[in-house]
Amino acid sequence: MGNILEFQDISAGYGRIQILNDLSFTVKEGQVFGVIGPNGSGKTTMFNALLGLIKPSSGRILFDSIDITRTPSNVRCKMGLGRTFQVPKPFENMSLYENVLVAAVHGASNNERFGRELALGILKQTGLYEKRELTAGKLTLLDRKRLEIARALGTAPKLLLLDEVAAGLTDAEVKDIMKLVADLKAAGHSIIWIEHIIETMIGSTDALMCMAEGKCIMVGDPQEVISSEEVQRLYLGVDDNE
Ligand SMILES: Nc1ncnc2c1ncn2[C@@H]1O[C@H](COP(=O)(O)OP(=O)(O)OP(=O)(O)O)[C@@H](O)[C@H]1O
Ligand SMILES: [Mg+2]
């Protein structure tokens with residue numbers, strides 16, 4: 001399998017504040033690629049750079065072997081990048097079906113008939129079909145997270161970007177999300193999943209990157225990354241002298 005994504009020495013930030021510092025990593029096609037790192041280490045900022053919401057001051061981003069470093073954000077979406085937001089942002093007064101339909105019709109510029117079929121398929125895939133007429137604002141947190149994933153799927157992404165979709169859920173609900181991610185991988189999506197819950201990262205990812213201060217500290221086999229001394233010290237707050 002080829003590489004779906006390559007970050008090559010990306011530096012980027014907000015205004016003059018640089019957050020990502022020569023960040024490099026590679027995601028293979030078909031992989032679930034996990035990302036961990038302390039609060040403020042630049043994980044969500046990496047998604048913002050990948051989606052073109054902030055412009056790198058140096059480096060290159062290759063998506064599916066195409067250089068997208070200067071490609072506008074809306075074009076990147078149509079090329080096959082779909083994201084969830086760390087804080088779910090559904091249209092609160094619209095039904096679940098309408099929420100997914102907006103993404104399916106506008107995000108991927110499908111015609112309405114195709115968009116409707118796509119939206120219904122996604123609602124089934126994400127376990128929301130029975131609730132499709134409910135108003136988004138009335139959902140439980142689990143269903144809001146599911147809807148966030150469904151909306152991202154509406155743009156028919158080749159690479160799906162999940163930002164803490166399991167945060168705040170009960171253990172049983174976290175397992176639900178892990179099952180959904182496994183189903184999406186089986187359906188052929190490549191996925192980058194940012195999450196603080198270690199069990200999800202060990203149980204669901206093919207490769208794991210730990211970030212700190214806008215850099216890749218370690219990347220590789222999830223179990224090895226979690227057990228490494230540097231990651232334990234940095235991320236899990238384990239002291240050398242304990
Ligand atoms: N819009 C913004 N303008 C200025 N600084 C920002 C902005 N968004 C984030 N930052 C800063 O960038 C740094 C990285 O933030 P980011 O949200 O990428 O971290 P994160 O790794 O996703 O953290 P968390 O685990 O808490 O979600 C932080 O210091 C944050 O305060
Ligand atoms: Mg974040």
# chains A, B, ... in the order shown; residues from 1 in each chain; ligands from 1

call {"tool": "residues_near_ligand", "arguments": {"ligand": "ligand 1", "cutoff": "12 Å", "atoms": "only C-alpha atoms and all ligand atoms", "output": "PyMOL selection string"}}
result
chain A and resi 12-21+35-50+53-54+85-87+162-165+167+193-197+210-216+235

call {"tool": "residues_around", "arguments": {"residues": "Ile149 (chain A)", "least_positions_apart": "2", "cutoff": "9 Å", "atoms": "only C-alpha atoms", "output": "JSON, numbers by chain"}}
result
{"A": [83, 84, 126, 144, 145, 146, 147, 151, 152, 153, 154, 160, 162, 165]}

call {"tool": "select_by_dssp", "arguments": {"residues": "region 7-220 of chain A", "states": "strand (DSSP E or B)", "output": "number ranges by chain"}}
result
A: 7-14, 17-28, 32-36, 58-63, 66-67, 81-83, 95, 135, 159-163, 190-194, 207-212, 215-220

call {"tool": "closest_residue", "arguments": {"among": "A:Glu112, A:Glu133, A:Asp176, A:Glu29", "to": "Asn93 (chain A)", "atoms": "only C-alpha atoms"}}
result
A:Glu133

call {"tool": "residues_around", "arguments": {"residues": "Asn99 (chain A)", "least_positions_apart": "3", "cutoff": "9 Å", "atoms": "only C-alpha atoms", "output": "list in words"}}
result
Pro90, Phe91, Glu92, Met94, Ser95, Leu96, Val102, Ala103, Ala104, Ala119, Ala136, Leu147, Ala150 and Arg151 of chain A

call {"tool": "closest_residue", "arguments": {"among": "A:Ala156, A:Ile61, A:Leu180, A:Leu81", "to": "Leu128 (chain A)", "atoms": "only C-alpha atoms"}}
result
A:Leu180

call {"tool": "select_by_dssp", "arguments": {"residues": "region 135-236 of chain A", "states": "alpha helix (DSSP H)", "output": "mmCIF file with C-alpha atoms, in the first residue's frame"}}
result
data_model
loop_
_atom_site.group_PDB
_atom_site.id
_atom_site.type_symbol
_atom_site.label_atom_id
_atom_site.label_comp_id
_atom_site.auth_asym_id
_atom_site.auth_seq_id
_atom_site.Cartn_x
_atom_site.Cartn_y
_atom_site.Cartn_z
ATOM 1 C CA LEU A 141 -23.158 12.807 23.763
ATOM 2 C CA LEU A 142 -22.564 9.378 22.141
ATOM 3 C CA ASP A 143 -25.009 10.161 19.342
ATOM 4 C CA ARG A 144 -23.528 13.653 18.915
ATOM 5 C CA LYS A 145 -20.123 12.026 18.443
ATOM 6 C CA ARG A 146 -21.641 9.554 15.993
ATOM 7 C CA LEU A 147 -23.302 12.419 14.127
ATOM 8 C CA GLU A 148 -19.989 14.266 13.990
ATOM 9 C CA ILE A 149 -18.445 11.210 12.303
ATOM 10 C CA ALA A 150 -21.478 10.861 10.000
ATOM 11 C CA ARG A 151 -21.134 14.497 8.894
ATOM 12 C CA ALA A 152 -17.439 13.959 8.142
ATOM 13 C CA LEU A 153 -18.356 10.853 6.108
ATOM 14 C CA ASP A 171 -16.361 2.686 28.794
ATOM 15 C CA ALA A 172 -19.211 0.923 26.977
ATOM 16 C CA GLU A 173 -19.733 3.899 24.665
ATOM 17 C CA VAL A 174 -16.007 4.075 23.929
ATOM 18 C CA LYS A 175 -16.218 0.431 22.777
ATOM 19 C CA ASP A 176 -19.072 1.463 20.470
ATOM 20 C CA ILE A 177 -16.890 4.106 18.856
ATOM 21 C CA MET A 178 -13.987 1.641 18.537
ATOM 22 C CA LYS A 179 -16.324 -0.771 16.727
ATOM 23 C CA LEU A 180 -17.465 2.030 14.411
ATOM 24 C CA VAL A 181 -13.847 2.976 13.615
ATOM 25 C CA ALA A 182 -13.048 -0.701 12.864
ATOM 26 C CA ASP A 183 -16.077 -0.833 10.518
ATOM 27 C CA LEU A 184 -14.934 2.341 8.743
ATOM 28 C CA LYS A 185 -11.455 0.918 8.298
ATOM 29 C CA ALA A 186 -12.969 -2.292 6.896
ATOM 30 C CA ILE A 198 -4.816 4.890 25.681
ATOM 31 C CA GLU A 199 -7.011 1.756 25.402
ATOM 32 C CA THR A 200 -8.558 3.076 22.182
ATOM 33 C CA MET A 201 -5.150 3.781 20.732
ATOM 34 C CA ILE A 202 -3.762 0.333 21.590
ATOM 35 C CA GLY A 203 -6.943 -1.471 20.556
ATOM 36 C CA SER A 204 -7.744 0.387 17.337
ATOM 37 C CA PRO A 222 1.209 1.447 19.311
ATOM 38 C CA GLN A 223 2.245 -0.797 22.204
ATOM 39 C CA GLU A 224 5.918 0.091 21.780
ATOM 40 C CA VAL A 225 5.163 3.818 21.627
ATOM 41 C CA ILE A 226 2.999 3.725 24.766
ATOM 42 C CA SER A 227 5.600 1.686 26.679
ATOM 43 C CA GLU A 229 10.233 5.656 28.514
ATOM 44 C CA GLU A 230 10.169 8.998 26.744
ATOM 45 C CA VAL A 231 6.435 8.805 26.004
ATOM 46 C CA GLN A 232 5.667 7.607 29.541
ATOM 47 C CA ARG A 233 7.586 10.502 31.008
ATOM 48 C CA LEU A 234 6.214 13.096 28.626
ATOM 49 C CA TYR A 235 2.685 12.063 28.235
#

call {"tool": "atom_distance", "arguments": {"atom1": "CA of Thr140 (chain A)", "atom2": "CA of Glu117 (chain A)"}}
result
25.2 Å

call {"tool": "closest_residue", "arguments": {"among": "A:Ile68, A:Gly59, A:Lys124, A:Leu161", "to": "ligand 2", "atoms": "only C-alpha atoms and all ligand atoms"}}
result
A:Leu161

call {"tool": "closest_residue", "arguments": {"among": "A:Met209, A:Met79, A:Ile122, A:Met1", "to": "Val100 (chain A)", "atoms": "only C-alpha atoms"}}
result
A:Ile122

call {"tool": "closest_residue", "arguments": {"among": "A:Lys138, A:Leu169, A:Ser24, A:Thr155", "to": "Leu101 (chain A)", "atoms": "only C-alpha atoms"}}
result
A:Thr155

call {"tool": "residues_around", "arguments": {"residues": "Thr26 (chain A)", "least_positions_apart": "6", "cutoff": "9 Å", "atoms": "only C-alpha atoms", "output": "list in words"}}
result
Asn3, Ile4, Leu5, Glu6, Phe7 and Gln8 of chain A

call {"tool": "write_last_selection", "arguments": {"atoms": "C-alpha atoms", "output": "short mmCIF file (atom, residue, chain, number, x, y, z; two decimals), in the first residue's frame"}}
result
data_model
loop_
_atom_site.label_atom_id
_atom_site.label_comp_id
_atom_site.auth_asym_id
_atom_site.auth_seq_id
_atom_site.Cartn_x
_atom_site.Cartn_y
_atom_site.Cartn_z
CA ASN A 3 1.19 6.55 1.47
CA ILE A 4 -2.10 8.42 1.78
CA LEU A 5 -0.40 11.28 3.65
CA GLU A 6 3.08 12.71 4.14
CA PHE A 7 3.92 15.64 6.37
CA GLN A 8 7.42 16.80 5.47
#

call {"tool": "atom_distance", "arguments": {"atom1": "CA of Gly115 (chain A)", "atom2": "CA of Thr135 (chain A)"}}
result
19.6 Å

call {"tool": "decode", "arguments": {"residues": "region 1-75 of chain A", "atoms": "C-alpha atoms", "output": "PDB file, in the first residue's frame"}}
result
ATOM      1  CA  MET A   1       0.000   0.000   0.000  1.00  0.00           C
ATOM      2  CA  GLY A   2       1.160   3.528  -0.775  1.00  0.00           C
ATOM      3  CA  ASN A   3       1.189   6.545   1.474  1.00  0.00           C
ATOM      4  CA  ILE A   4      -2.099   8.417   1.780  1.00  0.00           C
ATOM      5  CA  LEU A   5      -0.400  11.276   3.648  1.00  0.00           C
ATOM      6  CA  GLU A   6       3.080  12.706   4.136  1.00  0.00           C
ATOM      7  CA  PHE A   7       3.916  15.638   6.371  1.00  0.00           C
ATOM      8  CA  GLN A   8       7.424  16.802   5.465  1.00  0.00           C
ATOM      9  CA  ASP A   9       9.013  19.229   7.956  1.00  0.00           C
ATOM     10  CA  ILE A  10       5.856  21.283   8.438  1.00  0.00           C
ATOM     11  CA  SER A  11       6.133  24.459  10.517  1.00  0.00           C
ATOM     12  CA  ALA A  12       2.889  26.344  11.088  1.00  0.00           C
ATOM     13  CA  GLY A  13       0.971  28.276  13.696  1.00  0.00           C
ATOM     14  CA  TYR A  14      -1.448  31.085  14.382  1.00  0.00           C
ATOM     15  CA  GLY A  15      -0.232  34.515  13.339  1.00  0.00           C
ATOM     16  CA  ARG A  16       3.300  34.817  14.646  1.00  0.00           C
ATOM     17  CA  ILE A  17       2.955  32.017  17.185  1.00  0.00           C
ATOM     18  CA  GLN A  18       4.582  28.909  15.757  1.00  0.00           C
ATOM     19  CA  ILE A  19       2.978  25.707  17.040  1.00  0.00           C
ATOM     20  CA  LEU A  20       4.135  22.966  14.645  1.00  0.00           C
ATOM     21  CA  ASN A  21       7.940  22.691  14.485  1.00  0.00           C
ATOM     22  CA  ASP A  22       9.286  20.694  11.547  1.00  0.00           C
ATOM     23  CA  LEU A  23       6.590  18.076  11.990  1.00  0.00           C
ATOM     24  CA  SER A  24       7.138  14.997   9.820  1.00  0.00           C
ATOM     25  CA  PHE A  25       5.181  11.743   9.649  1.00  0.00           C
ATOM     26  CA  THR A  26       3.664   9.359   7.123  1.00  0.00           C
ATOM     27  CA  VAL A  27       0.288   7.598   7.057  1.00  0.00           C
ATOM     28  CA  LYS A  28      -0.126   4.491   4.908  1.00  0.00           C
ATOM     29  CA  GLU A  29      -3.254   3.876   2.895  1.00  0.00           C
ATOM     30  CA  GLY A  30      -5.837   1.805   4.810  1.00  0.00           C
ATOM     31  CA  GLN A  31      -4.246   2.498   8.198  1.00  0.00           C
ATOM     32  CA  VAL A  32      -5.795   3.731  11.392  1.00  0.00           C
ATOM     33  CA  PHE A  33      -3.063   6.138  12.509  1.00  0.00           C
ATOM     34  CA  GLY A  34      -3.362   7.243  16.145  1.00  0.00           C
ATOM     35  CA  VAL A  35      -2.067  10.516  17.567  1.00  0.00           C
ATOM     36  CA  ILE A  36      -1.451  11.201  21.254  1.00  0.00           C
ATOM     37  CA  GLY A  37       0.363  14.007  23.036  1.00  0.00           C
ATOM     38  CA  PRO A  38      -0.044  16.357  26.000  1.00  0.00           C
ATOM     39  CA  ASN A  39      -2.700  19.103  25.916  1.00  0.00           C
ATOM     40  CA  GLY A  40      -1.529  21.914  23.691  1.00  0.00           C
ATOM     41  CA  SER A  41       1.094  19.795  21.875  1.00  0.00           C
ATOM     42  CA  GLY A  42      -0.394  20.713  18.486  1.00  0.00           C
ATOM     43  CA  LYS A  43      -2.561  17.721  17.564  1.00  0.00           C
ATOM     44  CA  THR A  44      -5.626  19.726  16.498  1.00  0.00           C
ATOM     45  CA  THR A  45      -3.305  22.302  14.909  1.00  0.00           C
ATOM     46  CA  MET A  46      -1.878  19.469  12.764  1.00  0.00           C
ATOM     47  CA  PHE A  47      -5.442  18.829  11.490  1.00  0.00           C
ATOM     48  CA  ASN A  48      -5.860  22.573  10.837  1.00  0.00           C
ATOM     49  CA  ALA A  49      -2.659  22.596   8.758  1.00  0.00           C
ATOM     50  CA  LEU A  50      -3.712  19.438   6.914  1.00  0.00           C
ATOM     51  CA  LEU A  51      -7.071  20.998   6.054  1.00  0.00           C
ATOM     52  CA  GLY A  52      -5.544  24.293   4.920  1.00  0.00           C
ATOM     53  CA  LEU A  53      -7.072  26.392   7.707  1.00  0.00           C
ATOM     54  CA  ILE A  54      -3.599  27.613   8.621  1.00  0.00           C
ATOM     55  CA  LYS A  55      -0.726  28.035   6.164  1.00  0.00           C
ATOM     56  CA  PRO A  56       2.645  26.414   6.811  1.00  0.00           C
ATOM     57  CA  SER A  57       5.665  28.730   6.792  1.00  0.00           C
ATOM     58  CA  SER A  58       7.798  25.830   5.555  1.00  0.00           C
ATOM     59  CA  GLY A  59       7.533  22.175   4.580  1.00  0.00           C
ATOM     60  CA  ARG A  60       5.273  20.158   2.297  1.00  0.00           C
ATOM     61  CA  ILE A  61       2.090  18.132   2.683  1.00  0.00           C
ATOM     62  CA  LEU A  62       1.488  15.311   0.202  1.00  0.00           C
ATOM     63  CA  PHE A  63      -2.009  13.805   0.089  1.00  0.00           C
ATOM     64  CA  ASP A  64      -2.303  10.712  -2.076  1.00  0.00           C
ATOM     65  CA  SER A  65       1.085  11.712  -3.577  1.00  0.00           C
ATOM     66  CA  ILE A  66      -0.231  15.167  -4.596  1.00  0.00           C
ATOM     67  CA  ASP A  67       1.366  18.285  -3.106  1.00  0.00           C
ATOM     68  CA  ILE A  68      -1.522  20.095  -1.380  1.00  0.00           C
ATOM     69  CA  THR A  69       0.580  22.547   0.659  1.00  0.00           C
ATOM     70  CA  ARG A  70      -0.936  25.534  -1.162  1.00  0.00           C
ATOM     71  CA  THR A  71      -4.294  23.981  -2.115  1.00  0.00           C
ATOM     72  CA  PRO A  72      -7.369  25.890  -0.831  1.00  0.00           C
ATOM     73  CA  SER A  73      -9.308  24.305   2.013  1.00  0.00           C
ATOM     74  CA  ASN A  74     -12.538  23.670   0.045  1.00  0.00           C
ATOM     75  CA  VAL A  75     -10.581  21.897  -2.692  1.00  0.00           C
TER      76      VAL A  75
END
